[in-house]
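Accompanying notes for the structure given below.
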Amino acid sequence: MTTRPFPDGFLWGAATAAFQIEGATREDGRGESIWDRFCATPGRVLNGDTGEPACDHYHRWRDDIALMTALGLQAYRFSIAWPRIIPQGRGAVNPAGLDFYDRLVDGLLEAGIRPFITLYHWDLPQALDDAGGWLARDTAYAFADYADVVVRRLGDRVKHWITLNEPWCSAVLGYWTGEHAPGIREGPVLTAAHHLLLGHGLAIAAIRAASPDVQAGITLNFSPADPASDSDADRAAAWRHDGFFNRWYLDPLYRSAYPADMLELYAQMGQSPPLQNDDMRIIAAPLDVLGVNYYSRAVIRDDPQAGALGYAYERPEGEYTHMGWEVHPDSLRRLLERLHREYAPAALYVTENGAAYPDAIAPDGSVHDPDRVRYLARHLIACHDAIAAGVPLRGYFVWSLMDNFEWAWGYSRRFGIVYVDYPTQRRIPKDSARFMRHVIGSNSVAA
Ligand code: IFM
């Protein structure tokens, strides 16, 4: 065993999102979100689970900060629920919503924990969806107005801002597969994706105007693709997957243009992004930070009969998590190196990485999660390798601080390093929490 030290100042954190942990969906003037509506629609979420009570973090946030302190966390990435701040999506601001996050931020700072705020982690106000959701260009402008309100209130203390979490998910799962709210199947997904990116660009401008000294960026989820074989057809298929998943977001943000090969392919399918005048310039606003969410890779085989893009997923031999996602840490290293080489973001943070396993409380009252400990250790080594190769990776946030509402999977998938016993809301740090505390305390990982 050797010890791999991380650079001084490397930031260690954990991440969550509002709808997944807060509960209190009807309290203190919060408006309805698309996820409240989606959960209330029979058959959409496993076991009929809803955002109530989730981890009841809205009431237990002080205890949760104490938990973070006990774990030695240096940073906490959380999201703000837009419907708490502007219940109808645009217009009247709800002071109680702002007050909640104000108290949370102060509590974190008192504990010496740096807040990283995501402005949009999927809980669009239902009223905006009633007016077209992300298919309506106006939603992008409403998002920038909301960003302005929040950053004006918190920007004096919060120095790291993420506009969107995983726009691919909002667009594709929300408007193509229908697995996520608002549950539209085979809709104009490129329209949704374009308005999300436009909203991001407009929000970056709003953040900079409201608080010029902050670091701002976006978080993308990546699916690095390996071809199932060396054949030209499989390579081309893997490249299409890369275009669909990764480049469709990276290229506009860092090159101010959608990838030409994908534009052509989508045009053949009758789809194109609804570009207007200045959109690409707005979307490509310079960023301080790129957030990287990584869980697994994809192995892609050409299959003209499969899906809209003519490829299928292989399931190689290997280790898989409870989500059915392959454990493949080297793809994280390669992804970080590729992002640095091809897009050169000023700074990168792993804003999510982690794994779901079917954890249970042992007879001695503890939660042993050796698979997760191994998953985290191997991915941290991948991060370390990427840093050694010159990638400006500045921090790592484990997903997630605690078990929570895993979207269409309800509470059936546990990603936390802290176990949540939902009936009692008891928090039990898992072995992986102790592992992370050690990593953070020593600023190193054993390899
Ligand atoms: O729980 C989600 C999170 O909200 C966004 N990224 C992936 C996680 C695991 O599926």
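Labels for the structure tokens follow display order: chains A, B, ..., residues from 1 in each chain, ligands from 1.
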| query | Do you know which residues are within 9 Å of ligand 1 using only C-alpha atoms and all ligand atoms? Can you write them as a VMD selection string? | reply | chain A and resid 15 to 17 19 to 20 121 to 122 165 to 166 169 221 293 to 295 323 352 to 356 399 to 400 404 to 407 413 415
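Shell of Met68 of chain A at 10 Å, with only C-alpha atoms counted and residues fewer than 2 places along the chain excluded, is Gly13, Ala14, Arg62, Asp63, Asp64, Ile65, Ala66, Ala70, Leu71, Gly72, Leu73, Gln74, Ala75, Tyr76, Leu108, Ala111, Ile113, Leu401, Ala433 and Arg437 of chain A.
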Selected residues written out with N, CA, C and O atoms, as a PDB file, in the first residue's frame:
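Heads up, here's the output in part_36.pdb:
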```
ATOM      1  N   GLY A  13     -15.797  17.475  -0.210  1.00  0.00           N
ATOM      2  CA  GLY A  13     -17.169  17.779   0.156  1.00  0.00           C
ATOM      3  C   GLY A  13     -18.117  16.621  -0.093  1.00  0.00           C
ATOM      4  O   GLY A  13     -17.730  15.535  -0.526  1.00  0.00           O
ATOM      5  N   ALA A  14     -19.381  16.891   0.203  1.00  0.00           N
ATOM      6  CA  ALA A  14     -20.454  15.945  -0.108  1.00  0.00           C
ATOM      7  C   ALA A  14     -21.575  16.747  -0.755  1.00  0.00           C
ATOM      8  O   ALA A  14     -21.675  17.963  -0.558  1.00  0.00           O
ATOM      9  N   ARG A  62     -29.825  21.771  11.051  1.00  0.00           N
ATOM     10  CA  ARG A  62     -28.763  22.052  12.044  1.00  0.00           C
ATOM     11  C   ARG A  62     -28.038  20.753  12.402  1.00  0.00           C
ATOM     12  O   ARG A  62     -26.812  20.712  12.476  1.00  0.00           O
ATOM     13  N   ASP A  63     -28.828  19.695  12.622  1.00  0.00           N
ATOM     14  CA  ASP A  63     -28.222  18.383  12.927  1.00  0.00           C
ATOM     15  C   ASP A  63     -27.391  17.909  11.737  1.00  0.00           C
ATOM     16  O   ASP A  63     -26.339  17.281  11.912  1.00  0.00           O
ATOM     17  N   ASP A  64     -27.868  18.186  10.542  1.00  0.00           N
ATOM     18  CA  ASP A  64     -27.123  17.725   9.360  1.00  0.00           C
ATOM     19  C   ASP A  64     -25.799  18.476   9.214  1.00  0.00           C
ATOM     20  O   ASP A  64     -24.797  17.892   8.775  1.00  0.00           O
ATOM     21  N   ILE A  65     -25.777  19.727   9.607  1.00  0.00           N
ATOM     22  CA  ILE A  65     -24.486  20.438   9.591  1.00  0.00           C
ATOM     23  C   ILE A  65     -23.553  19.821  10.647  1.00  0.00           C
ATOM     24  O   ILE A  65     -22.354  19.629  10.389  1.00  0.00           O
ATOM     25  N   ALA A  66     -24.120  19.472  11.801  1.00  0.00           N
ATOM     26  CA  ALA A  66     -23.287  18.832  12.839  1.00  0.00           C
ATOM     27  C   ALA A  66     -22.701  17.518  12.305  1.00  0.00           C
ATOM     28  O   ALA A  66     -21.539  17.178  12.559  1.00  0.00           O
ATOM     29  N   ALA A  70     -18.816  16.408  11.877  1.00  0.00           N
ATOM     30  CA  ALA A  70     -18.259  15.158  12.412  1.00  0.00           C
ATOM     31  C   ALA A  70     -17.514  14.381  11.324  1.00  0.00           C
ATOM     32  O   ALA A  70     -16.566  13.651  11.612  1.00  0.00           O
ATOM     33  N   LEU A  71     -17.941  14.538  10.078  1.00  0.00           N
ATOM     34  CA  LEU A  71     -17.272  13.830   8.980  1.00  0.00           C
ATOM     35  C   LEU A  71     -16.047  14.589   8.469  1.00  0.00           C
ATOM     36  O   LEU A  71     -15.334  14.098   7.598  1.00  0.00           O
ATOM     37  N   GLY A  72     -15.852  15.785   8.987  1.00  0.00           N
ATOM     38  CA  GLY A  72     -14.689  16.575   8.566  1.00  0.00           C
ATOM     39  C   GLY A  72     -14.877  17.251   7.224  1.00  0.00           C
ATOM     40  O   GLY A  72     -13.897  17.705   6.605  1.00  0.00           O
ATOM     41  N   LEU A  73     -16.127  17.343   6.718  1.00  0.00           N
ATOM     42  CA  LEU A  73     -16.335  17.914   5.392  1.00  0.00           C
ATOM     43  C   LEU A  73     -15.911  19.381   5.347  1.00  0.00           C
ATOM     44  O   LEU A  73     -16.158  20.137   6.282  1.00  0.00           O
ATOM     45  N   GLN A  74     -15.296  19.729   4.244  1.00  0.00           N
ATOM     46  CA  GLN A  74     -14.831  21.115   4.064  1.00  0.00           C
ATOM     47  C   GLN A  74     -15.788  21.925   3.199  1.00  0.00           C
ATOM     48  O   GLN A  74     -15.723  23.153   3.162  1.00  0.00           O
ATOM     49  N   ALA A  75     -16.626  21.232   2.461  1.00  0.00           N
ATOM     50  CA  ALA A  75     -17.556  21.907   1.554  1.00  0.00           C
ATOM     51  C   ALA A  75     -18.833  21.079   1.461  1.00  0.00           C
ATOM     52  O   ALA A  75     -18.815  19.859   1.677  1.00  0.00           O
ATOM     53  N   TYR A  76     -19.915  21.768   1.146  1.00  0.00           N
ATOM     54  CA  TYR A  76     -21.204  21.105   1.004  1.00  0.00           C
ATOM     55  C   TYR A  76     -21.890  21.650  -0.235  1.00  0.00           C
ATOM     56  O   TYR A  76     -22.115  22.843  -0.353  1.00  0.00           O
ATOM     57  N   LEU A 108     -23.549  26.846   7.841  1.00  0.00           N
ATOM     58  CA  LEU A 108     -22.398  26.173   7.226  1.00  0.00           C
ATOM     59  C   LEU A 108     -21.129  26.990   7.462  1.00  0.00           C
ATOM     60  O   LEU A 108     -20.083  26.440   7.849  1.00  0.00           O
ATOM     61  N   ALA A 111     -19.760  26.715  10.780  1.00  0.00           N
ATOM     62  CA  ALA A 111     -19.105  25.414  10.982  1.00  0.00           C
ATOM     63  C   ALA A 111     -17.835  25.291  10.145  1.00  0.00           C
ATOM     64  O   ALA A 111     -17.190  24.239  10.132  1.00  0.00           O
ATOM     65  N   ILE A 113     -17.687  25.282   6.878  1.00  0.00           N
ATOM     66  CA  ILE A 113     -17.957  24.463   5.679  1.00  0.00           C
ATOM     67  C   ILE A 113     -18.354  25.391   4.533  1.00  0.00           C
ATOM     68  O   ILE A 113     -19.259  26.212   4.663  1.00  0.00           O
ATOM     69  N   LEU A 401     -24.228  12.908   0.586  1.00  0.00           N
ATOM     70  CA  LEU A 401     -24.055  12.998   2.041  1.00  0.00           C
ATOM     71  C   LEU A 401     -24.874  11.915   2.729  1.00  0.00           C
ATOM     72  O   LEU A 401     -24.390  11.239   3.635  1.00  0.00           O
ATOM     73  N   ALA A 433     -18.497   6.588   5.405  1.00  0.00           N
ATOM     74  CA  ALA A 433     -18.376   7.922   6.005  1.00  0.00           C
ATOM     75  C   ALA A 433     -17.065   7.999   6.787  1.00  0.00           C
ATOM     76  O   ALA A 433     -16.342   9.009   6.729  1.00  0.00           O
ATOM     77  N   ARG A 437     -13.918  10.364   6.088  1.00  0.00           N
ATOM     78  CA  ARG A 437     -13.355  11.224   7.140  1.00  0.00           C
ATOM     79  C   ARG A 437     -11.835  11.047   7.186  1.00  0.00           C
ATOM     80  O   ARG A 437     -11.080  11.993   7.341  1.00  0.00           O
TER      81      ARG A 437
END
```
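For the pair atom CA of Asp28 of chain A and atom CA of Asp123 of chain A, the interatomic distance is 16.8 Å.
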| Residues near segment 40-52 of chain A, cut-off 6 Å, only C-alpha atoms, skip fewer than 3 positions along chain, as a list of chain:residue names | A:Gly23, A:Arg37, A:Ala408, A:Trp409, A:Gly410
| query | Counting only C-alpha atoms, what is within 6 Å of Tyr254 of chain A, bar same-chain residues fewer than 3 positions away, as number ranges by chain? | reply | A: 250-251, 284
For segment 203-220 of chain A, list every protein, DNA or RNA residue within 6 Å, evaluated using only C-alpha atoms, and leave out those in the same chain fewer than 2 positions away; present the list as a PDB file with N, CA, C and O atoms, in the first residue's frame.
```pdb
ATOM      1  N   ALA A 144     -32.951  33.010 -15.197  1.00  0.00           N
ATOM      2  CA  ALA A 144     -31.944  34.046 -14.930  1.00  0.00           C
ATOM      3  C   ALA A 144     -32.459  35.040 -13.881  1.00  0.00           C
ATOM      4  O   ALA A 144     -31.694  35.499 -13.017  1.00  0.00           O
ATOM      5  N   ALA A 147     -32.079  33.375 -10.591  1.00  0.00           N
ATOM      6  CA  ALA A 147     -30.659  33.363 -10.203  1.00  0.00           C
ATOM      7  C   ALA A 147     -30.270  34.718  -9.620  1.00  0.00           C
ATOM      8  O   ALA A 147     -29.578  34.802  -8.587  1.00  0.00           O
ATOM      9  N   ASP A 148     -30.743  35.759 -10.250  1.00  0.00           N
ATOM     10  CA  ASP A 148     -30.436  37.116  -9.779  1.00  0.00           C
ATOM     11  C   ASP A 148     -30.933  37.311  -8.336  1.00  0.00           C
ATOM     12  O   ASP A 148     -30.196  37.810  -7.472  1.00  0.00           O
ATOM     13  N   ARG A 152     -28.209  37.770  -5.334  1.00  0.00           N
ATOM     14  CA  ARG A 152     -28.213  39.053  -4.614  1.00  0.00           C
ATOM     15  C   ARG A 152     -28.316  38.835  -3.108  1.00  0.00           C
ATOM     16  O   ARG A 152     -27.725  39.566  -2.328  1.00  0.00           O
ATOM     17  N   GLY A 155     -24.900  36.037  -2.327  1.00  0.00           N
ATOM     18  CA  GLY A 155     -23.596  36.158  -2.997  1.00  0.00           C
ATOM     19  C   GLY A 155     -22.522  36.825  -2.149  1.00  0.00           C
ATOM     20  O   GLY A 155     -21.332  36.703  -2.446  1.00  0.00           O
ATOM     21  N   LYS A 159     -19.487  31.743  -2.454  1.00  0.00           N
ATOM     22  CA  LYS A 159     -18.533  32.113  -3.510  1.00  0.00           C
ATOM     23  C   LYS A 159     -18.481  31.109  -4.660  1.00  0.00           C
ATOM     24  O   LYS A 159     -17.734  31.292  -5.613  1.00  0.00           O
ATOM     25  N   HIS A 160     -19.259  30.037  -4.569  1.00  0.00           N
ATOM     26  CA  HIS A 160     -19.265  29.032  -5.644  1.00  0.00           C
ATOM     27  C   HIS A 160     -20.695  28.748  -6.074  1.00  0.00           C
ATOM     28  O   HIS A 160     -21.511  28.325  -5.248  1.00  0.00           O
ATOM     29  N   TRP A 161     -20.952  28.964  -7.356  1.00  0.00           N
ATOM     30  CA  TRP A 161     -22.301  28.817  -7.891  1.00  0.00           C
ATOM     31  C   TRP A 161     -22.287  27.911  -9.115  1.00  0.00           C
ATOM     32  O   TRP A 161     -21.484  28.098 -10.028  1.00  0.00           O
ATOM     33  N   ILE A 162     -23.222  26.972  -9.105  1.00  0.00           N
ATOM     34  CA  ILE A 162     -23.441  26.092 -10.258  1.00  0.00           C
ATOM     35  C   ILE A 162     -24.828  26.440 -10.786  1.00  0.00           C
ATOM     36  O   ILE A 162     -25.791  26.454 -10.006  1.00  0.00           O
ATOM     37  N   THR A 163     -24.939  26.707 -12.078  1.00  0.00           N
ATOM     38  CA  THR A 163     -26.255  27.055 -12.618  1.00  0.00           C
ATOM     39  C   THR A 163     -27.163  25.828 -12.662  1.00  0.00           C
ATOM     40  O   THR A 163     -28.132  25.730 -11.921  1.00  0.00           O
ATOM     41  N   LEU A 164     -26.808  24.873 -13.542  1.00  0.00           N
ATOM     42  CA  LEU A 164     -27.656  23.698 -13.747  1.00  0.00           C
ATOM     43  C   LEU A 164     -26.946  22.446 -13.306  1.00  0.00           C
ATOM     44  O   LEU A 164     -25.732  22.316 -13.501  1.00  0.00           O
ATOM     45  N   ASN A 165     -27.692  21.514 -12.777  1.00  0.00           N
ATOM     46  CA  ASN A 165     -27.165  20.172 -12.591  1.00  0.00           C
ATOM     47  C   ASN A 165     -27.646  19.292 -13.735  1.00  0.00           C
ATOM     48  O   ASN A 165     -28.851  19.126 -13.941  1.00  0.00           O
ATOM     49  N   GLU A 166     -26.708  18.757 -14.511  1.00  0.00           N
ATOM     50  CA  GLU A 166     -26.994  17.706 -15.490  1.00  0.00           C
ATOM     51  C   GLU A 166     -28.130  18.051 -16.462  1.00  0.00           C
ATOM     52  O   GLU A 166     -29.184  17.399 -16.461  1.00  0.00           O
ATOM     53  N   GLY A 199     -30.673  29.239 -20.610  1.00  0.00           N
ATOM     54  CA  GLY A 199     -30.914  29.655 -19.221  1.00  0.00           C
ATOM     55  C   GLY A 199     -29.617  29.690 -18.434  1.00  0.00           C
ATOM     56  O   GLY A 199     -29.362  30.619 -17.655  1.00  0.00           O
ATOM     57  N   HIS A 200     -28.773  28.690 -18.663  1.00  0.00           N
ATOM     58  CA  HIS A 200     -27.455  28.673 -18.001  1.00  0.00           C
ATOM     59  C   HIS A 200     -26.673  29.942 -18.347  1.00  0.00           C
ATOM     60  O   HIS A 200     -26.156  30.626 -17.471  1.00  0.00           O
ATOM     61  N   GLY A 201     -26.573  30.250 -19.647  1.00  0.00           N
ATOM     62  CA  GLY A 201     -25.778  31.407 -20.082  1.00  0.00           C
ATOM     63  C   GLY A 201     -26.329  32.710 -19.519  1.00  0.00           C
ATOM     64  O   GLY A 201     -25.579  33.572 -19.056  1.00  0.00           O
ATOM     65  N   LEU A 287     -16.484  30.386 -18.135  1.00  0.00           N
ATOM     66  CA  LEU A 287     -16.825  29.766 -16.846  1.00  0.00           C
ATOM     67  C   LEU A 287     -15.592  29.651 -15.965  1.00  0.00           C
ATOM     68  O   LEU A 287     -14.492  29.416 -16.454  1.00  0.00           O
ATOM     69  N   ASP A 288     -15.791  29.758 -14.671  1.00  0.00           N
ATOM     70  CA  ASP A 288     -14.684  29.559 -13.725  1.00  0.00           C
ATOM     71  C   ASP A 288     -14.522  28.086 -13.390  1.00  0.00           C
ATOM     72  O   ASP A 288     -13.444  27.644 -13.006  1.00  0.00           O
ATOM     73  N   VAL A 289     -15.624  27.373 -13.492  1.00  0.00           N
ATOM     74  CA  VAL A 289     -15.653  26.018 -12.951  1.00  0.00           C
ATOM     75  C   VAL A 289     -16.465  25.102 -13.862  1.00  0.00           C
ATOM     76  O   VAL A 289     -17.533  25.501 -14.332  1.00  0.00           O
ATOM     77  N   LEU A 290     -15.956  23.905 -14.100  1.00  0.00           N
ATOM     78  CA  LEU A 290     -16.790  22.855 -14.701  1.00  0.00           C
ATOM     79  C   LEU A 290     -16.994  21.762 -13.658  1.00  0.00           C
ATOM     80  O   LEU A 290     -16.024  21.200 -13.134  1.00  0.00           O
ATOM     81  N   GLY A 291     -18.235  21.496 -13.345  1.00  0.00           N
ATOM     82  CA  GLY A 291     -18.562  20.407 -12.418  1.00  0.00           C
ATOM     83  C   GLY A 291     -18.733  19.119 -13.206  1.00  0.00           C
ATOM     84  O   GLY A 291     -19.424  19.089 -14.225  1.00  0.00           O
ATOM     85  N   VAL A 292     -18.095  18.070 -12.720  1.00  0.00           N
ATOM     86  CA  VAL A 292     -18.121  16.778 -13.406  1.00  0.00           C
ATOM     87  C   VAL A 292     -18.853  15.767 -12.534  1.00  0.00           C
ATOM     88  O   VAL A 292     -18.428  15.497 -11.409  1.00  0.00           O
TER      89      VAL A 292
END
```
| Contacts of Gly390 of chain A at 10 Å or less, counting only C-alpha atoms, minus same-chain residues fewer than 6 places along, as a VMD selection string? | chain A and resid 336 to 337 340 to 341
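In this model, the gap between atom CA of Leu190 of chain A and atom CA of Pro273 of chain A comes to 5.1 Å.
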| Residue list (helix (DSSP H, G or I), DSSP) for segment 26-219 of chain A, as number ranges by chain | A: 34-39, 46-48, 57-71, 82-85, 95-110, 126-130, 133-135, 137-154, 167-175, 189-210
| task | Pick out the residues sitting within 10 Å of Ala233 of chain A, and hand them over as an MDAnalysis selection string; count only C-alpha atoms, and ignore anything fewer than 2 positions along from it in its own chain. | result | chainID A and resid 227:231 235:239 301:304 311
Please dump the current selection as a PDB file, in the first residue's frame; keep N, CA and C atoms.
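Result file is selection-v9.pdb:
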```
ATOM      1  N   PRO A 227     -16.103   1.827 -27.535  1.00  0.00           N
ATOM      2  CA  PRO A 227     -16.733   0.957 -28.540  1.00  0.00           C
ATOM      3  C   PRO A 227     -16.635  -0.507 -28.107  1.00  0.00           C
ATOM      4  N   ALA A 228     -17.665  -1.276 -28.425  1.00  0.00           N
ATOM      5  CA  ALA A 228     -17.684  -2.685 -28.021  1.00  0.00           C
ATOM      6  C   ALA A 228     -16.599  -3.485 -28.739  1.00  0.00           C
ATOM      7  N   SER A 229     -16.150  -3.002 -29.900  1.00  0.00           N
ATOM      8  CA  SER A 229     -15.068  -3.669 -30.621  1.00  0.00           C
ATOM      9  C   SER A 229     -14.268  -2.598 -31.362  1.00  0.00           C
ATOM     10  N   ASP A 230     -13.247  -3.054 -32.080  1.00  0.00           N
ATOM     11  CA  ASP A 230     -12.423  -2.113 -32.844  1.00  0.00           C
ATOM     12  C   ASP A 230     -13.025  -1.773 -34.200  1.00  0.00           C
ATOM     13  N   SER A 231     -14.181  -2.342 -34.497  1.00  0.00           N
ATOM     14  CA  SER A 231     -14.733  -2.128 -35.850  1.00  0.00           C
ATOM     15  C   SER A 231     -15.061  -0.652 -36.057  1.00  0.00           C
ATOM     16  N   ARG A 235     -16.946   1.994 -33.462  1.00  0.00           N
ATOM     17  CA  ARG A 235     -16.285   3.272 -33.108  1.00  0.00           C
ATOM     18  C   ARG A 235     -17.171   4.458 -33.448  1.00  0.00           C
ATOM     19  N   ALA A 236     -17.774   4.388 -34.627  1.00  0.00           N
ATOM     20  CA  ALA A 236     -18.656   5.493 -35.037  1.00  0.00           C
ATOM     21  C   ALA A 236     -19.868   5.570 -34.107  1.00  0.00           C
ATOM     22  N   ALA A 237     -20.348   4.402 -33.681  1.00  0.00           N
ATOM     23  CA  ALA A 237     -21.515   4.387 -32.777  1.00  0.00           C
ATOM     24  C   ALA A 237     -21.143   5.012 -31.428  1.00  0.00           C
ATOM     25  N   ALA A 238     -19.943   4.672 -30.936  1.00  0.00           N
ATOM     26  CA  ALA A 238     -19.500   5.237 -29.647  1.00  0.00           C
ATOM     27  C   ALA A 238     -19.354   6.758 -29.767  1.00  0.00           C
ATOM     28  N   TRP A 239     -18.915   7.207 -30.928  1.00  0.00           N
ATOM     29  CA  TRP A 239     -18.767   8.653 -31.157  1.00  0.00           C
ATOM     30  C   TRP A 239     -20.146   9.331 -31.176  1.00  0.00           C
ATOM     31  N   ARG A 301     -22.301  -0.577 -29.001  1.00  0.00           N
ATOM     32  CA  ARG A 301     -22.246  -1.411 -30.211  1.00  0.00           C
ATOM     33  C   ARG A 301     -23.164  -0.805 -31.270  1.00  0.00           C
ATOM     34  N   ASP A 302     -22.665  -0.765 -32.476  1.00  0.00           N
ATOM     35  CA  ASP A 302     -23.503  -0.288 -33.586  1.00  0.00           C
ATOM     36  C   ASP A 302     -24.679  -1.238 -33.772  1.00  0.00           C
ATOM     37  N   ASP A 303     -25.861  -0.679 -33.915  1.00  0.00           N
ATOM     38  CA  ASP A 303     -27.037  -1.509 -34.151  1.00  0.00           C
ATOM     39  C   ASP A 303     -28.088  -0.640 -34.840  1.00  0.00           C
ATOM     40  N   PRO A 304     -28.095  -0.700 -36.164  1.00  0.00           N
ATOM     41  CA  PRO A 304     -28.984   0.192 -36.919  1.00  0.00           C
ATOM     42  C   PRO A 304     -30.449   0.084 -36.492  1.00  0.00           C
ATOM     43  N   TYR A 311     -27.634   2.670 -32.066  1.00  0.00           N
ATOM     44  CA  TYR A 311     -26.635   1.931 -31.291  1.00  0.00           C
ATOM     45  C   TYR A 311     -27.275   1.310 -30.059  1.00  0.00           C
TER      46      TYR A 311
END
```
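Minimum atom-to-atom distance to Ala389 of chain A, evaluated using only C-alpha atoms, belongs to A:Arg333 out of A:Arg333, A:Phe143, A:Asn443, A:Arg434.
Take the candidates A:Arg90, A:Lys430, A:Arg297, A:Arg60 and check each one against Ala142 of chain A using only C-alpha atoms; the shortest distance goes to A:Arg90.
Nearest-residue note for Leu265 of chain A: choosing from A:Ala192, A:Val367, A:Val150, A:Leu309, the minimum distance belongs to A:Leu309, counting only C-alpha atoms.
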| request: Check the DSSP output for the backbone and give back, as an NGL selection string, the residues of segment 29-115 of chain A in strand (DSSP E). | output: :A and (75-79 or 114-115)
Selection to disk with N, CA, C and O atoms, as a short mmCIF file (atom, residue, chain, number, x, y, z; two decimals), in the first residue's frame:
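File written: out15.cif
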```
data_model
loop_
_atom_site.label_atom_id
_atom_site.label_comp_id
_atom_site.auth_asym_id
_atom_site.auth_seq_id
_atom_site.Cartn_x
_atom_site.Cartn_y
_atom_site.Cartn_z
N ALA A 75 -16.63 21.23 2.46
CA ALA A 75 -17.56 21.91 1.55
C ALA A 75 -18.83 21.08 1.46
O ALA A 75 -18.81 19.86 1.68
N TYR A 76 -19.92 21.77 1.15
CA TYR A 76 -21.20 21.10 1.00
C TYR A 76 -21.89 21.65 -0.24
O TYR A 76 -22.12 22.84 -0.35
N ARG A 77 -22.17 20.76 -1.18
CA ARG A 77 -22.89 21.17 -2.39
C ARG A 77 -24.36 20.82 -2.21
O ARG A 77 -24.70 19.65 -1.98
N PHE A 78 -25.20 21.82 -2.26
CA PHE A 78 -26.65 21.60 -2.14
C PHE A 78 -27.35 22.45 -3.19
O PHE A 78 -26.74 23.34 -3.77
N SER A 79 -28.62 22.15 -3.42
CA SER A 79 -29.34 22.97 -4.40
C SER A 79 -30.43 23.75 -3.71
O SER A 79 -30.89 23.42 -2.62
N ARG A 114 -17.67 25.22 3.40
CA ARG A 114 -17.89 26.13 2.28
C ARG A 114 -19.13 25.71 1.48
O ARG A 114 -19.21 24.57 1.03
N PRO A 115 -20.09 26.62 1.32
CA PRO A 115 -21.28 26.25 0.53
C PRO A 115 -21.02 26.34 -0.98
O PRO A 115 -20.47 27.33 -1.46
#
```
| Coordinates-based distance that separates atom CA of Ala96 of chain A from atom CA of Phe116 of chain A (Å, one decimal) | 20.7 Å
